[in-house]
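Just below is one structure, and these are the notes that go with it.
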Amino acid sequence: MKNLWNDDAAEKLVADYAKKGVGRDLALRVYTTRLLGGVPQLVLHGGGNTSCKIKATDLVGDEWDVLCVKGSGWDMAVIEPQGLPAVKMGALLKARKLDRLSDEDMVALQRANLIDPASPNPSVETLLHAFLPHKFVDHTHSTAILAIVDQEDSKPLVAKVFGAKMGYVPYIMPGFDLAKAAADVFDADPAVEGLILDKHGIFTFGDDARQAYDRMIHYVNVAEDYVAKHAKPKAAKAALPARLASPAVIAPMLRGAVAAPRGEGRFDRMISDFRTSDAIVDFINSAEIADYAQRGVSTPDLSIRIKTGPMAVPAPDADKVGDYKAVIESHVDAFAKDYRAYFETNDALDDVKRTMLDPMPRLTLVPGLGMFGHGRTLKDAKIASDVGEMWIEAVRGAEAVGRFHPLSKADLFPLEYWSLEQAKLASNKPKPLTGQVVLITGGAGAIGAATAKLFADNGAHAVVVDLDAEKAADAARKAGNNSIGVGADITDPAQMRAAFDKAIAVFGGVDILVSNAGAAWEGRIGELDDALLRKSFELNFFAHQSAAQNAVRIMLEQGTGGALLFNTSKQAVNPGPKFGAYGVPKAATLFLSRQYALDYGAHGIRSNAVNADRIRSGLLTDAMIASRSGARGVSEKDYMSGNLLGQEVTAQDVAQAFLHHALADRTTADVTTVDGGNIAAALR
Ligand SMILES: [Zn+2]
């Protein structure tokens, strides 16, 4: 572990913050907090915190001794002074005399003593920081430290590795009891430079920011050196099939298997983030991997991300890929069954009312390939993968010096179901399309871009496919929610396939297709150039068929149903003069939509069409509107609102119709007309 302290950088930050009225101590607290937070082997997604003890003045000018401690929700790597809320020390210190303090009361006490009531909640480890006398206190869940403490009998090993200058605190869940126990260990020997917390992590402290930081890096290096010098030979490797199936082949099966059924054909789906490297694969290929995974998480707060630990599945044999779906499903069923038993056994131990979280795995280890992080959003899926990488580091180290023996699942349970965490989850309501992936062709056009934005606003991740890659990327960026753009000529089956492969590579699969791309060619049907009609069929019919075929292939692998949505246009039911080249393939596409509804309804795959007309878009440009309205002798406004409602219909209205069909999960083989009312084009 490299010591990243740099005098120039530290002094520059001090000078910059001085201009904003932030004192030297707090500025340096920010500086080393960022240094620690930027290294995943030390701090990962909330697994660590820091503090400093300074003076602060309140609104009426009174000066207080305060603890500035990391606030919840702040990422240490990019923390600002306001991410270290100031809590009055007097009240915190008095709390040490109490016999007990509930988690809710602890939070209330901390909030009641904030200098700024608008601050985020101070860390759950605030009292531990307060009870230690040092001005600066640093805390991390270093993977090297975890290699030493995740052992069955870690106390003698901790003494051997770190010597007398580090205190040893047995495992206690974070909160009031741990804070008191840690303070007692310190009081027994105030000469220690830090504390090793069994099955949890490390605290170091000092009189200034640099001393506390230097000690953190020093003791992490002591642990790293010990692991390197005492490593026994690695466990044997498992035998792998001669030919492995690719991640793209198994991703949809896996994504389907980890979707939580809500009953009656409905699912809470997840996004899958595939991650691999030589180091990941080397570790996952161990013959012992299923056993390691079963033992649990390397530090208890990881349970918030990957539950009781990863799920290991067998390596996928490319020659038996047809059987692999059942293999995955049996492993997911076993994981979920174990999780339910874990919940029921531990929940029964007291009278606390808890709601079981979904029992699905959040991290899947696949020998030969790598790992998949799963989450309700891409962000959560990536966090699960990040956690997986650090779990591997800690387990590798623990197995190198002994035997990985993390916290028992019984001790893990109170942390995963901590009332403070459960309250946070309850406030985190999913959106209607959270966990779903929508692929939109013609995604950079007016209707496609409006649809991508609306679906992303409703929780979906959009794959915006367009002939113009740059415009696709731009529409995806405007849609937000980590949507992606893909450039493709979708009349080329290989490029269409590549767009779906990209959706699998980034999100793990596809749940909704909006087959929207189209273009209009004019000419009287009897005199139409054959090549032109065939060209129109390529885009206005065959591209829809090829998109739907790809979507259905993936949806069947997932086994969680899906939605096919076709933009069929008014021309499919109400031909306009000289518009046959457009209308004939569109009519075929309307029929196509019904054929898919018929053939795949039994698999929960719904197929519906949206029949839109007179929308400002690439098909109906402002110049065309000007010329057509001019030819008819009406104003542009009257031309665009020439319908029963007398209102212009927009791309936004069409997007709403697609969204309706994505959500209407008992509707299939339907056509929704979005044209402001045109009785001649009304379906009967
Ligand atoms: Zn901690």
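Convention: chains lettered A, B, ... in structure tokens order; per-chain residue numbering from 1; ligands numbered from 1 as shown.
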
*asked:* Please list as a PyMOL selection string every residue within 12 Å of Ala235 in chain A, counting only C-alpha atoms and excluding residues in the same chain fewer than 5 positions away.
replied: chain A and resi 282-289+291-292+396+399-400+402-403

*asked:* How would you report the residues lying within 10 Å of ligand 1, as a ChimeraX atom specification, if you count only C-alpha atoms and all ligand atoms?
replied: /A:43,46-49,123-125,139-142,173-175,197,199-203,299-301

Take the residues from that selection and put them in a file with N, CA and C atoms, as a PDB file, in the first residue's frame.
ATOM      1  N   VAL A  43     -11.136   1.421   1.319  1.00  0.00           N
ATOM      2  CA  VAL A  43     -12.495   1.932   1.550  1.00  0.00           C
ATOM      3  C   VAL A  43     -13.315   1.674   0.296  1.00  0.00           C
ATOM      4  N   GLY A  46     -18.717   3.125   1.163  1.00  0.00           N
ATOM      5  CA  GLY A  46     -19.226   3.367   2.513  1.00  0.00           C
ATOM      6  C   GLY A  46     -18.491   2.607   3.604  1.00  0.00           C
ATOM      7  N   GLY A  47     -17.545   1.731   3.256  1.00  0.00           N
ATOM      8  CA  GLY A  47     -16.879   0.924   4.273  1.00  0.00           C
ATOM      9  C   GLY A  47     -15.709   1.604   4.933  1.00  0.00           C
ATOM     10  N   GLY A  48     -15.919   2.697   5.613  1.00  0.00           N
ATOM     11  CA  GLY A  48     -14.835   3.388   6.311  1.00  0.00           C
ATOM     12  C   GLY A  48     -15.319   4.764   6.726  1.00  0.00           C
ATOM     13  N   ASN A  49     -14.579   5.407   7.612  1.00  0.00           N
ATOM     14  CA  ASN A  49     -14.938   6.769   8.011  1.00  0.00           C
ATOM     15  C   ASN A  49     -13.771   7.412   8.750  1.00  0.00           C
ATOM     16  N   SER A 123     -21.841   9.380  10.895  1.00  0.00           N
ATOM     17  CA  SER A 123     -21.587   7.937  10.782  1.00  0.00           C
ATOM     18  C   SER A 123     -22.108   7.147  11.990  1.00  0.00           C
ATOM     19  N   VAL A 124     -22.478   5.876  11.756  1.00  0.00           N
ATOM     20  CA  VAL A 124     -22.901   5.021  12.876  1.00  0.00           C
ATOM     21  C   VAL A 124     -21.723   4.702  13.792  1.00  0.00           C
ATOM     22  N   GLU A 125     -20.506   5.004  13.355  1.00  0.00           N
ATOM     23  CA  GLU A 125     -19.329   4.758  14.197  1.00  0.00           C
ATOM     24  C   GLU A 125     -18.869   6.049  14.890  1.00  0.00           C
ATOM     25  N   HIS A 139     -10.522   5.238   9.912  1.00  0.00           N
ATOM     26  CA  HIS A 139     -11.050   3.868   9.977  1.00  0.00           C
ATOM     27  C   HIS A 139     -11.262   3.338   8.567  1.00  0.00           C
ATOM     28  N   THR A 140     -10.754   2.137   8.303  1.00  0.00           N
ATOM     29  CA  THR A 140     -10.978   1.495   6.990  1.00  0.00           C
ATOM     30  C   THR A 140     -11.306   0.012   7.181  1.00  0.00           C
ATOM     31  N   HIS A 141     -11.822  -0.586   6.107  1.00  0.00           N
ATOM     32  CA  HIS A 141     -12.049  -2.036   6.064  1.00  0.00           C
ATOM     33  C   HIS A 141     -11.010  -2.639   5.114  1.00  0.00           C
ATOM     34  N   SER A 142      -9.761  -2.329   5.337  1.00  0.00           N
ATOM     35  CA  SER A 142      -8.658  -2.787   4.483  1.00  0.00           C
ATOM     36  C   SER A 142      -8.717  -4.295   4.224  1.00  0.00           C
ATOM     37  N   MET A 173     -21.209  -5.685  16.799  1.00  0.00           N
ATOM     38  CA  MET A 173     -21.822  -4.917  15.716  1.00  0.00           C
ATOM     39  C   MET A 173     -21.592  -3.417  15.937  1.00  0.00           C
ATOM     40  N   PRO A 174     -21.344  -2.634  14.859  1.00  0.00           N
ATOM     41  CA  PRO A 174     -21.144  -1.190  15.016  1.00  0.00           C
ATOM     42  C   PRO A 174     -22.305  -0.551  15.779  1.00  0.00           C
ATOM     43  N   GLY A 175     -21.988   0.474  16.544  1.00  0.00           N
ATOM     44  CA  GLY A 175     -23.000   1.148  17.350  1.00  0.00           C
ATOM     45  C   GLY A 175     -22.428   1.427  18.735  1.00  0.00           C
ATOM     46  N   LEU A 197     -10.118  -4.400  14.703  1.00  0.00           N
ATOM     47  CA  LEU A 197     -11.457  -4.872  15.051  1.00  0.00           C
ATOM     48  C   LEU A 197     -11.688  -6.222  14.373  1.00  0.00           C
ATOM     49  N   LYS A 199     -12.945  -9.319  12.509  1.00  0.00           N
ATOM     50  CA  LYS A 199     -13.931  -9.558  11.446  1.00  0.00           C
ATOM     51  C   LYS A 199     -14.486  -8.261  10.845  1.00  0.00           C
ATOM     52  N   HIS A 200     -13.792  -7.126  11.027  1.00  0.00           N
ATOM     53  CA  HIS A 200     -14.367  -5.840  10.638  1.00  0.00           C
ATOM     54  C   HIS A 200     -13.367  -4.892   9.966  1.00  0.00           C
ATOM     55  N   GLY A 201     -12.283  -4.512  10.644  1.00  0.00           N
ATOM     56  CA  GLY A 201     -11.368  -3.547  10.020  1.00  0.00           C
ATOM     57  C   GLY A 201     -10.375  -2.972  11.005  1.00  0.00           C
ATOM     58  N   ILE A 202      -9.924  -1.751  10.745  1.00  0.00           N
ATOM     59  CA  ILE A 202      -8.841  -1.153  11.525  1.00  0.00           C
ATOM     60  C   ILE A 202      -9.108   0.330  11.791  1.00  0.00           C
ATOM     61  N   PHE A 203      -8.759   0.776  12.997  1.00  0.00           N
ATOM     62  CA  PHE A 203      -8.734   2.201  13.340  1.00  0.00           C
ATOM     63  C   PHE A 203      -7.289   2.590  13.620  1.00  0.00           C
ATOM     64  N   THR A 299     -16.355  -8.655   5.331  1.00  0.00           N
ATOM     65  CA  THR A 299     -16.595  -7.683   6.410  1.00  0.00           C
ATOM     66  C   THR A 299     -18.100  -7.431   6.420  1.00  0.00           C
ATOM     67  N   PRO A 300     -18.698  -7.314   7.613  1.00  0.00           N
ATOM     68  CA  PRO A 300     -20.169  -7.434   7.677  1.00  0.00           C
ATOM     69  C   PRO A 300     -20.954  -6.418   6.847  1.00  0.00           C
ATOM     70  N   ASP A 301     -20.439  -5.183   6.672  1.00  0.00           N
ATOM     71  CA  ASP A 301     -21.294  -4.226   5.952  1.00  0.00           C
ATOM     72  C   ASP A 301     -21.441  -4.576   4.465  1.00  0.00           C
TER      73      ASP A 301
END

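All residues of protein, DNA or RNA that reach within 9 Å of Arg210 in chain A, judged by only C-alpha atoms and not counting those fewer than 3 positions away in the chain, are Trp5, Leu28, Thr32, Phe136, Gly206, Asp207, Tyr213, Asp214 and Arg215 of chain A.
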
Serialized selection, all heavy atoms, as a compact mmCIF listing (two decimals), in the first residue's frame:
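For reference, part_19.txt as written:
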# COMPACT_ATOMS: atom_id res chain seq x y z
N TRP A 5 0.63 10.59 0.80
CA TRP A 5 0.74 11.95 1.34
C TRP A 5 1.72 12.77 0.49
O TRP A 5 2.81 12.31 0.17
CB TRP A 5 1.22 11.92 2.79
CG TRP A 5 1.35 13.31 3.35
CD1 TRP A 5 2.35 14.20 3.12
CD2 TRP A 5 0.41 13.97 4.18
NE1 TRP A 5 2.11 15.38 3.76
CE2 TRP A 5 0.92 15.28 4.43
CE3 TRP A 5 -0.81 13.61 4.76
CZ2 TRP A 5 0.24 16.20 5.23
CZ3 TRP A 5 -1.48 14.54 5.56
CH2 TRP A 5 -0.95 15.82 5.78
N LEU A 28 -7.10 19.46 6.23
CA LEU A 28 -6.25 18.27 6.16
C LEU A 28 -7.05 16.98 6.42
O LEU A 28 -6.71 15.91 5.90
CB LEU A 28 -5.09 18.39 7.14
CG LEU A 28 -4.04 19.45 6.74
CD1 LEU A 28 -3.00 19.61 7.85
CD2 LEU A 28 -3.36 19.09 5.41
N THR A 32 -6.76 13.81 3.80
CA THR A 32 -6.42 12.39 3.99
C THR A 32 -7.65 11.49 3.85
O THR A 32 -7.52 10.32 3.50
CB THR A 32 -5.71 12.12 5.34
OG1 THR A 32 -6.54 12.57 6.40
CG2 THR A 32 -4.36 12.80 5.40
N PHE A 136 -7.19 13.17 15.50
CA PHE A 136 -7.54 12.58 14.19
C PHE A 136 -7.71 11.07 14.33
O PHE A 136 -6.85 10.40 14.92
CB PHE A 136 -6.46 12.88 13.14
CG PHE A 136 -6.48 14.31 12.68
CD1 PHE A 136 -5.87 15.31 13.43
CD2 PHE A 136 -7.14 14.66 11.51
CE1 PHE A 136 -5.91 16.63 13.02
CE2 PHE A 136 -7.19 15.99 11.08
CZ PHE A 136 -6.57 16.97 11.84
N GLY A 206 -4.04 9.73 15.65
CA GLY A 206 -2.83 10.54 15.78
C GLY A 206 -3.16 11.96 16.19
O GLY A 206 -4.33 12.36 16.21
N ASP A 207 -2.11 12.71 16.49
CA ASP A 207 -2.30 14.11 16.91
C ASP A 207 -2.54 15.01 15.72
O ASP A 207 -3.02 16.14 15.86
CB ASP A 207 -1.06 14.59 17.68
CG ASP A 207 -0.84 13.76 18.94
OD1 ASP A 207 -1.86 13.29 19.50
OD2 ASP A 207 0.33 13.56 19.33
N TYR A 213 -2.91 9.08 9.29
CA TYR A 213 -2.86 8.49 7.95
C TYR A 213 -1.63 7.59 7.79
O TYR A 213 -1.72 6.46 7.31
CB TYR A 213 -2.87 9.60 6.89
CG TYR A 213 -2.68 9.09 5.49
CD1 TYR A 213 -3.73 8.48 4.81
CD2 TYR A 213 -1.44 9.18 4.84
CE1 TYR A 213 -3.55 7.98 3.52
CE2 TYR A 213 -1.25 8.70 3.56
CZ TYR A 213 -2.30 8.09 2.90
OH TYR A 213 -2.13 7.60 1.63
N ASP A 214 -0.45 8.11 8.23
CA ASP A 214 0.79 7.31 8.12
C ASP A 214 0.64 5.98 8.85
O ASP A 214 1.09 4.94 8.38
CB ASP A 214 1.98 8.08 8.72
CG ASP A 214 2.50 9.16 7.78
OD1 ASP A 214 2.06 9.19 6.61
OD2 ASP A 214 3.35 9.98 8.23
N ARG A 215 0.03 6.04 10.03
CA ARG A 215 -0.14 4.81 10.81
C ARG A 215 -1.07 3.84 10.08
O ARG A 215 -0.83 2.63 10.08
CB ARG A 215 -0.70 5.13 12.20
CG ARG A 215 0.36 5.74 13.10
CD ARG A 215 -0.22 6.19 14.43
NE ARG A 215 0.85 6.59 15.34
CZ ARG A 215 0.63 7.16 16.53
NH1 ARG A 215 -0.62 7.39 16.94
NH2 ARG A 215 1.64 7.49 17.30

Can you tell me which residues surround Ala159 in chain A at a distance of at most 12 Å, considering only C-alpha atoms, apart from same-chain residues fewer than 4 positions away, and format the answer as a compact mmCIF listing (two decimals) with all heavy atoms, in the first residue's frame?
# COMPACT_ATOMS: atom_id res chain seq x y z
N ILE A 148 -6.16 -10.99 7.89
CA ILE A 148 -5.64 -11.40 9.20
C ILE A 148 -6.78 -11.67 10.19
O ILE A 148 -6.70 -12.61 10.99
CB ILE A 148 -4.70 -10.29 9.78
CG1 ILE A 148 -3.60 -9.92 8.77
CG2 ILE A 148 -4.13 -10.71 11.13
CD1 ILE A 148 -2.61 -11.01 8.46
N VAL A 149 -7.83 -10.84 10.15
CA VAL A 149 -8.89 -10.98 11.18
C VAL A 149 -9.98 -11.97 10.79
O VAL A 149 -10.73 -12.43 11.65
CB VAL A 149 -9.53 -9.62 11.56
CG1 VAL A 149 -8.51 -8.71 12.20
CG2 VAL A 149 -10.21 -8.96 10.37
N ASP A 153 -9.42 -18.13 14.86
CA ASP A 153 -8.88 -17.63 16.13
C ASP A 153 -7.90 -16.52 15.78
O ASP A 153 -6.70 -16.73 15.70
CB ASP A 153 -8.17 -18.80 16.86
CG ASP A 153 -7.76 -18.40 18.26
OD1 ASP A 153 -8.24 -17.34 18.73
OD2 ASP A 153 -6.96 -19.13 18.86
N SER A 154 -8.43 -15.32 15.61
CA SER A 154 -7.60 -14.26 15.04
C SER A 154 -6.76 -13.53 16.10
O SER A 154 -5.77 -12.91 15.76
CB SER A 154 -8.48 -13.25 14.30
OG SER A 154 -9.37 -12.67 15.20
N LYS A 155 -7.16 -13.61 17.36
CA LYS A 155 -6.49 -12.79 18.38
C LYS A 155 -4.97 -13.05 18.45
O LYS A 155 -4.19 -12.09 18.38
CB LYS A 155 -7.14 -13.00 19.75
CG LYS A 155 -6.70 -11.96 20.76
CD LYS A 155 -7.45 -12.06 22.06
CE LYS A 155 -6.90 -11.03 23.03
NZ LYS A 155 -7.59 -11.07 24.31
N GLY A 163 1.97 -6.82 16.82
CA GLY A 163 2.71 -6.50 18.03
C GLY A 163 1.86 -5.72 19.02
O GLY A 163 0.63 -5.60 18.87
N ALA A 164 2.53 -5.13 20.02
CA ALA A 164 1.83 -4.53 21.16
C ALA A 164 1.27 -3.15 20.85
O ALA A 164 0.49 -2.60 21.63
CB ALA A 164 2.78 -4.45 22.35
N LYS A 165 1.65 -2.56 19.72
CA LYS A 165 1.20 -1.19 19.47
C LYS A 165 -0.21 -1.09 18.90
O LYS A 165 -0.71 0.00 18.65
CB LYS A 165 2.19 -0.49 18.53
CG LYS A 165 3.45 -0.08 19.26
CD LYS A 165 4.26 0.86 18.43
CE LYS A 165 5.46 1.40 19.20
NZ LYS A 165 6.42 1.99 18.28
N MET A 166 -0.83 -2.25 18.64
CA MET A 166 -2.21 -2.24 18.16
C MET A 166 -3.09 -3.00 19.15
O MET A 166 -2.77 -4.13 19.55
CB MET A 166 -2.32 -2.90 16.77
CG MET A 166 -1.67 -2.10 15.66
SD MET A 166 -2.40 -0.46 15.40
CE MET A 166 -3.78 -0.85 14.34
N GLY A 167 -4.20 -2.38 19.56
CA GLY A 167 -5.16 -3.05 20.45
C GLY A 167 -6.04 -3.99 19.64
O GLY A 167 -6.17 -3.86 18.43
N TYR A 168 -6.65 -4.97 20.33
CA TYR A 168 -7.51 -5.95 19.66
C TYR A 168 -8.92 -5.86 20.25
O TYR A 168 -9.11 -5.95 21.46
CB TYR A 168 -6.95 -7.36 19.87
CG TYR A 168 -7.83 -8.47 19.34
CD1 TYR A 168 -7.73 -8.89 18.01
CD2 TYR A 168 -8.77 -9.11 20.17
CE1 TYR A 168 -8.54 -9.91 17.52
CE2 TYR A 168 -9.58 -10.13 19.68
CZ TYR A 168 -9.46 -10.53 18.36
OH TYR A 168 -10.26 -11.54 17.88
N VAL A 169 -9.91 -5.64 19.40
CA VAL A 169 -11.30 -5.53 19.85
C VAL A 169 -12.08 -6.69 19.25
O VAL A 169 -12.16 -6.82 18.03
CB VAL A 169 -11.93 -4.18 19.38
CG1 VAL A 169 -13.34 -4.02 19.94
CG2 VAL A 169 -11.05 -3.00 19.77
N LEU A 195 -6.40 0.35 16.62
CA LEU A 195 -7.16 -0.81 17.08
C LEU A 195 -7.48 -1.70 15.88
O LEU A 195 -7.82 -1.20 14.81
CB LEU A 195 -8.49 -0.36 17.72
CG LEU A 195 -8.40 0.57 18.94
CD1 LEU A 195 -9.78 1.09 19.30
CD2 LEU A 195 -7.76 -0.16 20.14
N ILE A 196 -7.33 -3.01 16.10
CA ILE A 196 -7.76 -3.98 15.08
C ILE A 196 -9.10 -4.53 15.54
O ILE A 196 -9.22 -5.04 16.66
CB ILE A 196 -6.73 -5.13 14.94
CG1 ILE A 196 -5.35 -4.58 14.55
CG2 ILE A 196 -7.23 -6.15 13.93
CD1 ILE A 196 -5.22 -4.07 13.15
N ASP A 198 -11.88 -7.25 15.21
CA ASP A 198 -12.03 -8.60 14.66
C ASP A 198 -13.18 -8.64 13.65
O ASP A 198 -14.24 -8.08 13.88
CB ASP A 198 -12.28 -9.58 15.80
CG ASP A 198 -12.18 -11.03 15.33
OD1 ASP A 198 -11.42 -11.29 14.38
OD2 ASP A 198 -12.86 -11.90 15.93
N ALA A 223 0.35 -5.82 7.44
CA ALA A 223 -0.53 -6.96 7.11
C ALA A 223 -0.20 -7.51 5.73
O ALA A 223 -0.10 -8.73 5.54
CB ALA A 223 -1.99 -6.52 7.18

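Residues lying within 12 Å of Thr57 in chain A, counting only C-alpha atoms and ignoring same-chain neighbours fewer than 3 positions away, are Ile54, Val60, Gly61, Asp62, Glu63, Trp64, Asp65, Val66, Ala86, Val87, Lys88, Leu114, Ile115 and Asp116 of chain A.
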
With N, CA, C and O atoms kept, could you save the residues just selected as an mmCIF file, in the first residue's frame?
data_model
loop_
_atom_site.group_PDB
_atom_site.id
_atom_site.type_symbol
_atom_site.label_atom_id
_atom_site.label_comp_id
_atom_site.auth_asym_id
_atom_site.auth_seq_id
_atom_site.Cartn_x
_atom_site.Cartn_y
_atom_site.Cartn_z
ATOM 1 N N ILE A 54 -12.219 19.432 16.631
ATOM 2 C CA ILE A 54 -11.839 20.845 16.520
ATOM 3 C C ILE A 54 -12.857 21.704 17.279
ATOM 4 O O ILE A 54 -13.713 21.163 17.974
ATOM 5 N N VAL A 60 -25.219 31.791 17.239
ATOM 6 C CA VAL A 60 -25.221 32.898 18.207
ATOM 7 C C VAL A 60 -23.823 33.208 18.741
ATOM 8 O O VAL A 60 -23.669 33.938 19.710
ATOM 9 N N GLY A 61 -22.813 32.604 18.111
ATOM 10 C CA GLY A 61 -21.445 32.970 18.469
ATOM 11 C C GLY A 61 -20.828 32.131 19.567
ATOM 12 O O GLY A 61 -19.709 32.404 19.993
ATOM 13 N N ASP A 62 -21.549 31.125 20.066
ATOM 14 C CA ASP A 62 -20.952 30.270 21.093
ATOM 15 C C ASP A 62 -19.980 29.286 20.441
ATOM 16 O O ASP A 62 -20.265 28.728 19.384
ATOM 17 N N GLU A 63 -18.853 29.072 21.124
ATOM 18 C CA GLU A 63 -17.852 28.150 20.591
ATOM 19 C C GLU A 63 -17.975 26.792 21.285
ATOM 20 O O GLU A 63 -18.170 26.731 22.500
ATOM 21 N N TRP A 64 -17.888 25.739 20.497
ATOM 22 C CA TRP A 64 -18.069 24.376 21.022
ATOM 23 C C TRP A 64 -16.886 23.496 20.605
ATOM 24 O O TRP A 64 -16.344 23.653 19.517
ATOM 25 N N ASP A 65 -16.578 22.523 21.501
ATOM 26 C CA ASP A 65 -15.697 21.432 21.070
ATOM 27 C C ASP A 65 -16.555 20.494 20.244
ATOM 28 O O ASP A 65 -17.608 20.040 20.723
ATOM 29 N N VAL A 66 -16.125 20.206 19.019
ATOM 30 C CA VAL A 66 -16.941 19.339 18.162
ATOM 31 C C VAL A 66 -16.103 18.211 17.567
ATOM 32 O O VAL A 66 -14.878 18.304 17.462
ATOM 33 N N ALA A 86 -20.347 18.572 12.028
ATOM 34 C CA ALA A 86 -19.802 18.835 13.360
ATOM 35 C C ALA A 86 -20.840 18.498 14.428
ATOM 36 O O ALA A 86 -21.962 18.997 14.395
ATOM 37 N N VAL A 87 -20.453 17.611 15.372
ATOM 38 C CA VAL A 87 -21.339 17.207 16.471
ATOM 39 C C VAL A 87 -20.685 17.648 17.779
ATOM 40 O O VAL A 87 -19.474 17.477 17.963
ATOM 41 N N LYS A 88 -21.487 18.220 18.701
ATOM 42 C CA LYS A 88 -20.924 18.697 19.973
ATOM 43 C C LYS A 88 -20.382 17.524 20.782
ATOM 44 O O LYS A 88 -21.075 16.538 21.020
ATOM 45 N N LEU A 114 -25.970 18.340 16.485
ATOM 46 C CA LEU A 114 -25.293 18.885 15.304
ATOM 47 C C LEU A 114 -25.219 20.405 15.411
ATOM 48 O O LEU A 114 -26.156 21.050 15.883
ATOM 49 N N ILE A 115 -24.124 20.978 14.951
ATOM 50 C CA ILE A 115 -24.022 22.441 14.896
ATOM 51 C C ILE A 115 -24.950 22.954 13.790
ATOM 52 O O ILE A 115 -25.645 23.944 13.947
ATOM 53 N N ASP A 116 -24.973 22.233 12.656
ATOM 54 C CA ASP A 116 -25.864 22.599 11.559
ATOM 55 C C ASP A 116 -26.930 21.505 11.407
ATOM 56 O O ASP A 116 -26.613 20.389 10.991
#

*Could you find all residues in range 135-285 of chain A that DSSP calls strand (DSSP E) from the backbone, and write them as an MDAnalysis selection string?*
chainID A and resid 136:140 166:169 194:197 201:206 260:263 266:268 271:275

*Would you mind listing what lies within 7 Å of Phe274 in chain A as a PyMOL selection string, with only C-alpha atoms counted and same-chain residues fewer than 4 positions away left out?*
chain A and resi 371-373

*Near Ala245 in chain A, within 9 Å and counting only C-alpha atoms, which residues show up once chain neighbours fewer than 5 positions away are dropped, as a list in words?*
Ile250, Ala315, Pro316, Asp317, Ala318, Asp319, Lys320, Val321 and Leu369 of chain A

*asked:* With distances taken over only C-alpha atoms, which residue among A:Lys94, A:His461, A:Arg497, A:Lys232 lies nearest Ala398 in chain A?
replied: A:Lys232

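Distance annotation: of A:Thr667, A:Thr451, A:Thr589, A:Thr560, the residue with the minimal separation from Arg262 in chain A is A:Thr560; atom set is only C-alpha atoms.
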
*Please, which residues of range 21-174 of chain A, numbered as in this document, come out helix (DSSP H, G or I) from DSSP, as a PyMOL selection string?*
chain A and resi 24-37+76-78+81-83+89-97+103-112+126-131+143-149+154-165

*If you measure from CA of Leu645 in chain A to CA of Ile625 in chain A, what distance in Å do you get, rounded to one decimal?*
19.0 Å
